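Engineer: Take this structure first; my questions come after.
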Amino acid sequence: MALVRTRFAPSPSGFLHLGNARTALFAFLYARKTNGRFILRIEDTDQERLVPGSEASIYEDLKWLNLNWDEGPDIGGPLGPYRCSERYDVYKVQLKRLQKATRVYRCFCTTEQLDQDRALLSSQKKLIKYVGRCLNISDAESEKRAATENFVWRMHIPPGDPVVVNDVIRGKVEMSRDVIGDFVLGRASGVPVFLFANAIDDAVQEMTHVIRGEDHLSNTFRQVLIYQALGHEPPVFVHLPMIGSEGGGKLSKREGSLSIGDLRKEGFIPAGILNYLALLGWSPGDTAQTGEKFSLKELSERFDLERVHKGRALFDYQKLRFLNQQHLNDLSLEELAKLAPPRKPGLEGIWKDAIALVRQDAATLEELYRIDAFLAAPDLKSSPSATTILKGENPKKALQEGLSLFEKAVAGNQPAEVALKESIQAAGKTVGIKGKDLFFPFRVALTGVEAGPELVPLAKILGSSEIISRLKNAIEFTASNT
RNA sequence: GUCCCCCUCGUCUAGCCCGGUCCAGGACACCUCCCUUUCACGGAGGUAACAAGGGUUCAAAUCCCUUGGGGGACGCCA
């Protein structure tokens, strides 16, 4: 079997989104699985929609995800260039070939005319396609008008057998020729439209598998017609189901958090995102036995096109979080600290110990920074927990007793964490309280809240003088909190 | 409107091709309990689905048809 070549062909008109990223992932996985090649091609034929910087950000996001390509605009390759805007001469040559093989004619219709045509057809509840106004203009007249008028090249589709697309996921799909209108291949300037450039590039760059979103399925019939006219064997088509948003609608740009860049900012890591994405529309089939956690390497080994779903899948933030957490658990404290370094000065020395206290809770790197709230002294006045817990005689007495015991203990060179634990227990005995009645006042006094990391390890990080200061503050607070 | 595609728990899915082992299995979320002097983590349970209706068959989630619902396409966007 020939070497598998798959490609990811984004247009540099925005950032890499989840849907795109999954398409890239599947193309990548299939190439890796088959020891083939994964190619990146930038489809920048529409200069108007080009967003400066987006090409660079696509590279960055793909690299961050570890979806590395074997050929591409930045690294070159044997069948380049890999940026459509640098391939206009290729399209011109192929357009000439196509003109010899089939009817390709100039269309002088204006945008306004075409809009009117479509509006009319729509109101008549008819099939919307090109009405064929310019189809019968003679070659001589066409030539003449081309000198002064703007035009596009259209490929004529005469009646004939239905066009067949063999799709790995959907099977054999047919479309009648008469619903396919004469479509545009390119502008007078030589700039092709997507449909044409894309088909040509896939053919010329010897792609064996075209893996892309289902939204391209209806384009595929036109592209097959181009392949047939040119005498190219069409690639194997793989149209992936779409991803829908949590509410069931489109996964659109308005859901800003769904771009890879934003997910990265939210503290998701590549392994988690990739794992989640792979399971969106595909399943290895035996997850009841194996579980659902897979590394990129495992995915590369297990992936297959046959098990890709037909129906669309809805994005589920919770599950993304869950899988991200699973992969976060694999990271050592060193790695975590490197990926999520302290944001406040002076924390470098204790940072690893600090994040160790919250890593169990954290589904994202960002959630590691919850520890910051405990590292800073609490503002008891604005804490609802302090107002309710640090009330009455017992908590006050316990804190006072605890503080004095703690001060003695640390003066005797006892480590802060040991001193705190023993002081709390001793204070409880003296005052005659235990359990939550005893520990909650101390927890709230030290952190301001009732829920948080374990107190004793936290004490070790905070150090004795900080604890003393917080306890004093809390005692002071109890006096005013009546 | 026309064409194409799709439809198993709330969500992701296994099973469907090759009907019986499925009064449908797993995971996320949710609920309960255990662990825990907090929250979480972890552990043990639980609620919850074959879109509907017709066929075919001894037997249908699995095969066929119809209806319904959803998505995509119909650009000098990709």
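If you're wondering about the labels, chains in the structure tokens are A, B, ... by order shown, residues count from 1 in each chain, ligands from 1 in order shown.
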Residues of chain A within 7 Å of chain B, counting only C-alpha atoms (C1' of nucleotides), what are they? List them as a ChimeraX atom specification.
Structural biologist: /A:11,122,125-128,152,179,187,194,214-215,218,280,285,287-288,310-311,316,318-319,360-361,435-436,439,450-452
Engineer: Counting only C-alpha atoms (C1' of nucleotides), what is within 8 Å of stretch 51-63 of chain B, bar same-chain residues fewer than 4 positions away, as a VMD selection string?
Structural biologist: chain B and resid 7 to 8 16 19 to 20 24 67 to 69
Engineer: Give me the residues near A:Arg106 as a list in words, where near means some atom within 10 Å (using only C-alpha atoms (C1' of nucleotides)) and where sequence neighbours in that chain fewer than 4 positions away do not count.
Structural biologist: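 Non-adjacent residues within range: Cys134, Leu135, Asn136, Ile137, Ser138, Asp139, Ser142, Glu143, Arg145, Ala146, Asn150, Phe151, Val152, Trp153, Arg154, Met155, Val184, Gly186, Arg187 and Ala188 of chain A.
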Engineer: The selected residues should be written to file as an mmCIF file, in the first residue's frame (atoms: N, CA, C and O atoms).
Structural biologist:
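Saved to selection_25.cif:
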```cif
data_model
loop_
_atom_site.group_PDB
_atom_site.id
_atom_site.type_symbol
_atom_site.label_atom_id
_atom_site.label_comp_id
_atom_site.auth_asym_id
_atom_site.auth_seq_id
_atom_site.Cartn_x
_atom_site.Cartn_y
_atom_site.Cartn_z
ATOM 1 N N CYS A 134 -24.326 32.811 -18.671
ATOM 2 C CA CYS A 134 -23.144 33.015 -19.506
ATOM 3 C C CYS A 134 -22.673 31.738 -20.207
ATOM 4 O O CYS A 134 -21.655 31.750 -20.901
ATOM 5 N N LEU A 135 -23.403 30.671 -20.012
ATOM 6 C CA LEU A 135 -22.978 29.378 -20.547
ATOM 7 C C LEU A 135 -22.827 29.399 -22.065
ATOM 8 O O LEU A 135 -21.921 28.790 -22.622
ATOM 9 N N ASN A 136 -23.735 30.121 -22.711
ATOM 10 C CA ASN A 136 -23.749 30.027 -24.173
ATOM 11 C C ASN A 136 -23.112 31.220 -24.890
ATOM 12 O O ASN A 136 -23.323 31.404 -26.088
ATOM 13 N N ILE A 137 -22.353 31.991 -24.174
ATOM 14 C CA ILE A 137 -21.615 33.073 -24.827
ATOM 15 C C ILE A 137 -20.529 32.437 -25.707
ATOM 16 O O ILE A 137 -19.813 31.538 -25.266
ATOM 17 N N SER A 138 -20.427 32.891 -26.928
ATOM 18 C CA SER A 138 -19.459 32.284 -27.855
ATOM 19 C C SER A 138 -18.029 32.583 -27.408
ATOM 20 O O SER A 138 -17.778 33.565 -26.697
ATOM 21 N N ASP A 139 -17.113 31.762 -27.838
ATOM 22 C CA ASP A 139 -15.717 31.938 -27.461
ATOM 23 C C ASP A 139 -15.198 33.305 -27.898
ATOM 24 O O ASP A 139 -14.469 33.965 -27.170
ATOM 25 N N SER A 142 -16.721 35.998 -25.718
ATOM 26 C CA SER A 142 -16.153 35.841 -24.379
ATOM 27 C C SER A 142 -14.758 36.472 -24.324
ATOM 28 O O SER A 142 -14.433 37.225 -23.411
ATOM 29 N N GLU A 143 -13.992 36.169 -25.340
ATOM 30 C CA GLU A 143 -12.635 36.685 -25.451
ATOM 31 C C GLU A 143 -12.644 38.212 -25.464
ATOM 32 O O GLU A 143 -11.865 38.873 -24.784
ATOM 33 N N ARG A 145 -15.089 40.326 -24.492
ATOM 34 C CA ARG A 145 -15.574 40.943 -23.257
ATOM 35 C C ARG A 145 -14.555 40.857 -22.127
ATOM 36 O O ARG A 145 -14.520 41.702 -21.241
ATOM 37 N N ALA A 146 -13.733 39.805 -22.193
ATOM 38 C CA ALA A 146 -12.739 39.609 -21.130
ATOM 39 C C ALA A 146 -11.758 40.772 -21.043
ATOM 40 O O ALA A 146 -11.181 41.026 -19.983
ATOM 41 N N ASN A 150 -14.996 42.257 -15.931
ATOM 42 C CA ASN A 150 -14.536 41.332 -14.902
ATOM 43 C C ASN A 150 -15.270 39.999 -15.060
ATOM 44 O O ASN A 150 -16.432 39.983 -15.408
ATOM 45 N N PHE A 151 -14.574 38.931 -14.811
ATOM 46 C CA PHE A 151 -15.235 37.618 -14.973
ATOM 47 C C PHE A 151 -14.647 36.572 -14.036
ATOM 48 O O PHE A 151 -13.611 36.803 -13.406
ATOM 49 N N VAL A 152 -15.349 35.445 -13.944
ATOM 50 C CA VAL A 152 -14.820 34.281 -13.225
ATOM 51 C C VAL A 152 -14.923 33.070 -14.153
ATOM 52 O O VAL A 152 -15.680 33.088 -15.129
ATOM 53 N N TRP A 153 -14.145 32.057 -13.853
ATOM 54 C CA TRP A 153 -14.223 30.812 -14.623
ATOM 55 C C TRP A 153 -15.211 29.869 -13.949
ATOM 56 O O TRP A 153 -15.151 29.656 -12.752
ATOM 57 N N ARG A 154 -16.106 29.344 -14.756
ATOM 58 C CA ARG A 154 -17.039 28.346 -14.236
ATOM 59 C C ARG A 154 -16.847 27.022 -14.943
ATOM 60 O O ARG A 154 -16.549 26.985 -16.128
ATOM 61 N N MET A 155 -17.052 25.953 -14.203
ATOM 62 C CA MET A 155 -16.993 24.625 -14.817
ATOM 63 C C MET A 155 -18.415 24.173 -15.091
ATOM 64 O O MET A 155 -19.275 24.212 -14.219
ATOM 65 N N VAL A 184 -17.922 28.012 -9.656
ATOM 66 C CA VAL A 184 -16.778 28.879 -9.914
ATOM 67 C C VAL A 184 -15.470 28.180 -9.538
ATOM 68 O O VAL A 184 -15.363 27.579 -8.470
ATOM 69 N N GLY A 186 -12.325 29.931 -10.320
ATOM 70 C CA GLY A 186 -11.354 30.946 -9.956
ATOM 71 C C GLY A 186 -11.699 32.293 -10.555
ATOM 72 O O GLY A 186 -12.616 32.412 -11.368
ATOM 73 N N ARG A 187 -10.966 33.282 -10.100
ATOM 74 C CA ARG A 187 -11.203 34.635 -10.576
ATOM 75 C C ARG A 187 -10.312 34.913 -11.777
ATOM 76 O O ARG A 187 -9.335 34.200 -12.039
ATOM 77 N N ALA A 188 -10.652 36.001 -12.446
ATOM 78 C CA ALA A 188 -9.894 36.395 -13.628
ATOM 79 C C ALA A 188 -8.416 36.589 -13.289
ATOM 80 O O ALA A 188 -7.530 36.276 -14.071
#
```
Engineer: Do a neighbour search on A:Pro192 at 12 Å with only C-alpha atoms (C1' of nucleotides), toss out local chain neighbours closer than 3 positions, and write the hits as a PyMOL selection string.
Structural biologist: (chain A and resi 43-47+84-95+152-154+183-189+195-201) or (chain B and resi 76+78)
Engineer: Assign secondary structure with DSSP using the backbone only, and return the residues of stretch 18-233 of chain A in strand (DSSP E or B) as an NGL selection string.
Structural biologist: :A and (37-40 or 42 or 71-72 or 76 or 83 or 104-107 or 152-155 or 163-167 or 171-175 or 183-187 or 192 or 209-213)
Engineer: Store the residues picked out above, limited to N, CA and C atoms, as a CSV table (one decimal), in the first residue's frame.
Structural biologist:
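Result saved to part-v1.csv:
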```
chain,number,residue,atom,x,y,z
A,37,ARG,N,2.6,10.2,6.4
A,37,ARG,CA,3.0,11.6,6.7
A,37,ARG,C,1.9,12.5,6.9
A,38,PHE,N,2.1,13.5,7.8
A,38,PHE,CA,1.1,14.5,8.1
A,38,PHE,C,1.5,15.8,7.6
A,39,ILE,N,0.7,16.4,6.8
A,39,ILE,CA,1.1,17.7,6.1
A,39,ILE,C,0.3,18.8,6.5
A,40,LEU,N,0.9,20.0,6.7
A,40,LEU,CA,0.2,21.2,7.0
A,40,LEU,C,0.2,22.1,5.8
A,42,ILE,N,-1.5,25.8,4.4
A,42,ILE,CA,-2.2,27.0,4.8
A,42,ILE,C,-3.0,27.5,3.6
A,71,GLU,N,5.5,18.0,6.7
A,71,GLU,CA,5.8,18.9,5.6
A,71,GLU,C,4.9,20.1,5.9
A,72,GLY,N,5.4,21.3,5.6
A,72,GLY,CA,4.5,22.5,5.8
A,72,GLY,C,5.2,23.8,5.4
A,76,GLY,N,9.0,23.3,4.9
A,76,GLY,CA,9.1,22.9,3.5
A,76,GLY,C,8.8,21.4,3.4
A,83,ARG,N,1.8,26.9,1.0
A,83,ARG,CA,0.9,28.0,1.3
A,83,ARG,C,0.2,28.3,-0.1
A,104,VAL,N,-15.1,24.8,-19.6
A,104,VAL,CA,-14.9,25.8,-18.6
A,104,VAL,C,-15.1,27.2,-19.2
A,105,TYR,N,-16.0,28.0,-18.7
A,105,TYR,CA,-16.3,29.2,-19.5
A,105,TYR,C,-16.3,30.4,-18.6
A,106,ARG,N,-16.1,31.6,-19.2
A,106,ARG,CA,-16.1,32.8,-18.5
A,106,ARG,C,-17.5,33.2,-18.1
A,107,CYS,N,-17.7,33.7,-16.9
A,107,CYS,CA,-19.0,34.1,-16.4
A,107,CYS,C,-18.8,35.6,-16.1
A,152,VAL,N,-15.3,35.4,-13.9
A,152,VAL,CA,-14.8,34.3,-13.2
A,152,VAL,C,-14.9,33.1,-14.2
A,153,TRP,N,-14.1,32.1,-13.9
A,153,TRP,CA,-14.2,30.8,-14.6
A,153,TRP,C,-15.2,29.9,-13.9
A,154,ARG,N,-16.1,29.3,-14.8
A,154,ARG,CA,-17.0,28.3,-14.2
A,154,ARG,C,-16.8,27.0,-14.9
A,155,MET,N,-17.1,26.0,-14.2
A,155,MET,CA,-17.0,24.6,-14.8
A,155,MET,C,-18.4,24.2,-15.1
A,163,VAL,N,-23.1,11.6,-9.3
A,163,VAL,CA,-21.7,11.7,-8.8
A,163,VAL,C,-21.6,10.9,-7.5
A,164,VAL,N,-20.6,10.1,-7.5
A,164,VAL,CA,-20.5,9.2,-6.3
A,164,VAL,C,-19.3,9.6,-5.5
A,165,VAL,N,-19.5,9.7,-4.2
A,165,VAL,CA,-18.4,9.9,-3.3
A,165,VAL,C,-18.3,8.7,-2.4
A,166,ASN,N,-17.2,8.0,-2.3
A,166,ASN,CA,-17.0,6.9,-1.4
A,166,ASN,C,-16.3,7.5,-0.2
A,167,ASP,N,-17.1,7.5,0.9
A,167,ASP,CA,-16.6,8.1,2.1
A,167,ASP,C,-16.4,7.0,3.2
A,171,GLY,N,-19.9,5.8,3.8
A,171,GLY,CA,-20.1,4.9,2.8
A,171,GLY,C,-20.3,5.6,1.4
A,172,LYS,N,-21.1,4.9,0.6
A,172,LYS,CA,-21.3,5.5,-0.8
A,172,LYS,C,-22.4,6.6,-0.7
A,173,VAL,N,-22.0,7.8,-1.1
A,173,VAL,CA,-23.0,8.8,-1.1
A,173,VAL,C,-23.1,9.4,-2.5
A,174,GLU,N,-24.4,9.5,-3.0
A,174,GLU,CA,-24.6,9.9,-4.4
A,174,GLU,C,-25.3,11.3,-4.4
A,175,MET,N,-25.0,12.0,-5.5
A,175,MET,CA,-25.7,13.3,-5.7
A,175,MET,C,-26.0,13.4,-7.2
A,183,PHE,N,-20.2,25.6,-11.3
A,183,PHE,CA,-19.6,26.3,-10.1
A,183,PHE,C,-18.3,27.1,-10.5
A,184,VAL,N,-17.9,28.0,-9.7
A,184,VAL,CA,-16.8,28.9,-9.9
A,184,VAL,C,-15.5,28.2,-9.5
A,185,LEU,N,-14.5,28.3,-10.4
A,185,LEU,CA,-13.2,27.7,-10.2
A,185,LEU,C,-12.2,28.8,-9.7
A,186,GLY,N,-12.3,29.9,-10.3
A,186,GLY,CA,-11.4,30.9,-10.0
A,186,GLY,C,-11.7,32.3,-10.6
A,187,ARG,N,-11.0,33.3,-10.1
A,187,ARG,CA,-11.2,34.6,-10.6
A,187,ARG,C,-10.3,34.9,-11.8
A,192,PRO,N,-7.6,31.2,-7.4
A,192,PRO,CA,-8.7,30.2,-7.4
A,192,PRO,C,-9.6,30.3,-6.2
A,209,HIS,N,-5.5,10.5,1.8
A,209,HIS,CA,-6.7,10.6,2.6
A,209,HIS,C,-7.0,12.0,2.9
A,210,VAL,N,-8.2,12.4,2.5
A,210,VAL,CA,-8.7,13.8,2.8
A,210,VAL,C,-9.6,13.7,4.1
A,211,ILE,N,-9.1,14.1,5.2
A,211,ILE,CA,-9.8,14.0,6.4
A,211,ILE,C,-10.3,15.4,6.8
A,212,ARG,N,-11.6,15.6,6.9
A,212,ARG,CA,-12.0,17.0,7.1
A,212,ARG,C,-13.4,17.0,7.7
A,213,GLY,N,-14.0,18.1,8.0
A,213,GLY,CA,-15.3,18.2,8.6
A,213,GLY,C,-16.4,17.8,7.6
```
Engineer: Between atom CA of A:Lys297 and atom CA of A:Ile355, what is the distance in Å, rounded to a tenth?
Structural biologist: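 Separation of atom CA of A:Lys297 and atom CA of A:Ile355: 28.1 Å.
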Engineer: Which is closer to A:Ser54 than all the others in A:Leu390, A:Leu16, A:Ala419, A:Val431, using only C-alpha atoms?
Structural biologist: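 Among the listed residues, A:Leu16 lies closest to A:Ser54.
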Engineer: Give me, as a list in words, all polymer residues having an atom no more than 12 Å from B:G45, counting only C-alpha atoms (C1' of nucleotides) and skipping those fewer than 2 positions away in the same chain.
Structural biologist: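 Near B:G45, the qualifying residues are C31, U32, C33, C34, G43 and U47 of chain B.
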Engineer: Take the residues from that selection and put them in a file with N, CA, C and O atoms (P, O5', C5', C4', C3', O3' and C1' of nucleotides), as a short mmCIF file (atom, residue, chain, number, x, y, z; two decimals), in the first residue's frame.
Structural biologist:
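Below you can see result.cif, which holds the result:
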```
data_model
loop_
_atom_site.label_atom_id
_atom_site.label_comp_id
_atom_site.auth_asym_id
_atom_site.auth_seq_id
_atom_site.Cartn_x
_atom_site.Cartn_y
_atom_site.Cartn_z
P C B 31 -25.33 16.41 43.58
"O5'" C B 31 -26.17 15.15 44.09
"C5'" C B 31 -27.59 15.23 44.20
"C4'" C B 31 -28.13 13.89 44.61
"C3'" C B 31 -27.46 13.26 45.81
"O3'" C B 31 -27.96 13.75 47.04
"C1'" C B 31 -27.65 11.64 44.10
P U B 32 -27.04 13.72 48.35
"O5'" U B 32 -26.98 12.16 48.70
"C5'" U B 32 -28.15 11.49 49.15
"C4'" U B 32 -27.83 10.05 49.44
"C3'" U B 32 -26.62 9.81 50.35
"O3'" U B 32 -26.97 9.96 51.72
"C1'" U B 32 -26.49 8.37 48.49
P C B 33 -25.84 10.41 52.75
"O5'" C B 33 -24.93 9.11 52.90
"C5'" C B 33 -25.45 7.94 53.54
"C4'" C B 33 -24.52 6.78 53.31
"C3'" C B 33 -23.10 6.96 53.84
"O3'" C B 33 -23.01 6.70 55.22
"C1'" C B 33 -23.03 6.06 51.65
P C B 34 -21.83 7.36 56.05
"O5'" C B 34 -20.54 6.57 55.53
"C5'" C B 34 -20.37 5.18 55.82
"C4'" C B 34 -19.08 4.69 55.22
"C3'" C B 34 -17.84 5.48 55.63
"O3'" C B 34 -17.34 5.03 56.88
"C1'" C B 34 -17.81 5.12 53.28
P G B 43 -11.22 5.19 42.91
"O5'" G B 43 -11.97 4.42 44.10
"C5'" G B 43 -11.30 3.38 44.79
"C4'" G B 43 -12.19 2.85 45.89
"C3'" G B 43 -13.59 2.44 45.47
"O3'" G B 43 -13.62 1.16 44.88
"C1'" G B 43 -13.73 3.74 47.43
P U B 47 -30.95 2.13 40.02
"O5'" U B 47 -31.39 3.60 39.64
"C5'" U B 47 -32.44 4.25 40.36
"C4'" U B 47 -32.57 5.68 39.88
"C3'" U B 47 -32.70 5.82 38.36
"O3'" U B 47 -34.05 5.62 37.96
"C1'" U B 47 -31.14 7.40 39.20
#
```
Engineer: Find the spatial neighbours of A:Asp304, counting only C-alpha atoms (C1' of nucleotides), within a cut-off of 10 Å - ignore same-chain residues fewer than 2 positions away - and output them as a list in words.
Structural biologist: Phe26, Leu29, Tyr30, Lys33, Thr34, Trp282, Ser283, Pro284, Leu299, Ser300, Glu301, Arg302, Glu306, Arg307 and Val308 of chain A
Engineer: What's the separation between atom CA of A:Ala24 and atom CA of A:Ile58, in Å to one decimal place?
Structural biologist: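 These two atoms are separated by 11.0 Å.
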Engineer: Residues of stretch 170-281 of chain A classed as helix (DSSP H, G or I) by DSSP on the backbone are to be reported as a ChimeraX atom specification.
Structural biologist: /A:177-179,194-204,214-230,256-258,260-265,270-278
Engineer: Kindly save the residues from that selection, with C-alpha atoms included, as a short mmCIF file (atom, residue, chain, number, x, y, z; two decimals), in the first residue's frame.
Structural biologist:
```cif
data_model
loop_
_atom_site.label_atom_id
_atom_site.label_comp_id
_atom_site.auth_asym_id
_atom_site.auth_seq_id
_atom_site.Cartn_x
_atom_site.Cartn_y
_atom_site.Cartn_z
CA ARG A 177 -25.74 16.04 -11.43
CA ASP A 178 -28.58 18.41 -12.00
CA VAL A 179 -28.53 19.68 -8.44
CA PHE A 194 -11.23 27.03 -2.28
CA LEU A 195 -13.09 24.29 -4.05
CA PHE A 196 -10.64 24.24 -6.92
CA ALA A 197 -7.39 25.04 -5.15
CA ASN A 198 -8.11 22.49 -2.49
CA ALA A 199 -8.86 19.71 -4.97
CA ILE A 200 -5.80 20.53 -7.03
CA ASP A 201 -3.47 20.67 -4.07
CA ASP A 202 -4.71 17.41 -2.64
CA ALA A 203 -4.13 15.78 -6.01
CA VAL A 204 -0.78 17.37 -6.80
CA GLU A 214 -18.69 17.02 7.31
CA ASP A 215 -19.44 20.55 6.18
CA HIS A 216 -17.25 19.79 3.17
CA LEU A 217 -19.20 16.75 2.09
CA SER A 218 -21.37 18.53 -0.43
CA ASN A 219 -18.31 20.25 -1.91
CA THR A 220 -16.82 16.87 -2.44
CA PHE A 221 -19.11 16.04 -5.34
CA ARG A 222 -17.80 19.04 -7.22
CA GLN A 223 -14.26 18.14 -6.39
CA VAL A 224 -14.78 14.59 -7.63
CA LEU A 225 -15.95 16.07 -10.90
CA ILE A 226 -12.73 18.05 -11.10
CA TYR A 227 -10.67 14.94 -10.38
CA GLN A 228 -12.55 13.00 -13.04
CA ALA A 229 -12.07 15.69 -15.67
CA LEU A 230 -8.38 15.90 -14.87
CA GLY A 256 -14.67 32.21 23.00
CA SER A 257 -13.40 29.68 25.48
CA LEU A 258 -13.43 27.01 22.84
CA ILE A 260 -7.19 26.18 21.84
CA GLY A 261 -5.46 29.36 22.93
CA ASP A 262 -8.16 30.14 25.44
CA LEU A 263 -8.23 26.62 26.76
CA ARG A 264 -4.52 26.92 27.26
CA LYS A 265 -5.03 30.12 29.22
CA PRO A 270 -2.32 19.21 25.67
CA ALA A 271 -2.65 15.63 26.86
CA GLY A 272 -6.06 16.37 28.38
CA ILE A 273 -7.39 18.29 25.41
CA LEU A 274 -6.15 15.70 22.93
CA ASN A 275 -7.58 12.82 24.91
CA TYR A 276 -10.93 14.53 25.13
CA LEU A 277 -10.98 15.49 21.48
CA ALA A 278 -10.08 11.99 20.33
#
```
Engineer: Can you pull out every residue within 10 Å of A:Lys381, counting only C-alpha atoms (C1' of nucleotides), but drop anything in the same chain fewer than 5 positions away, and send it as a list of chain:residue names?
Structural biologist: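 My list of contacting residues is A:Ala386, A:Thr387, A:Gly448, A:Ala474, A:Phe477, A:Ser480, A:Asn481.
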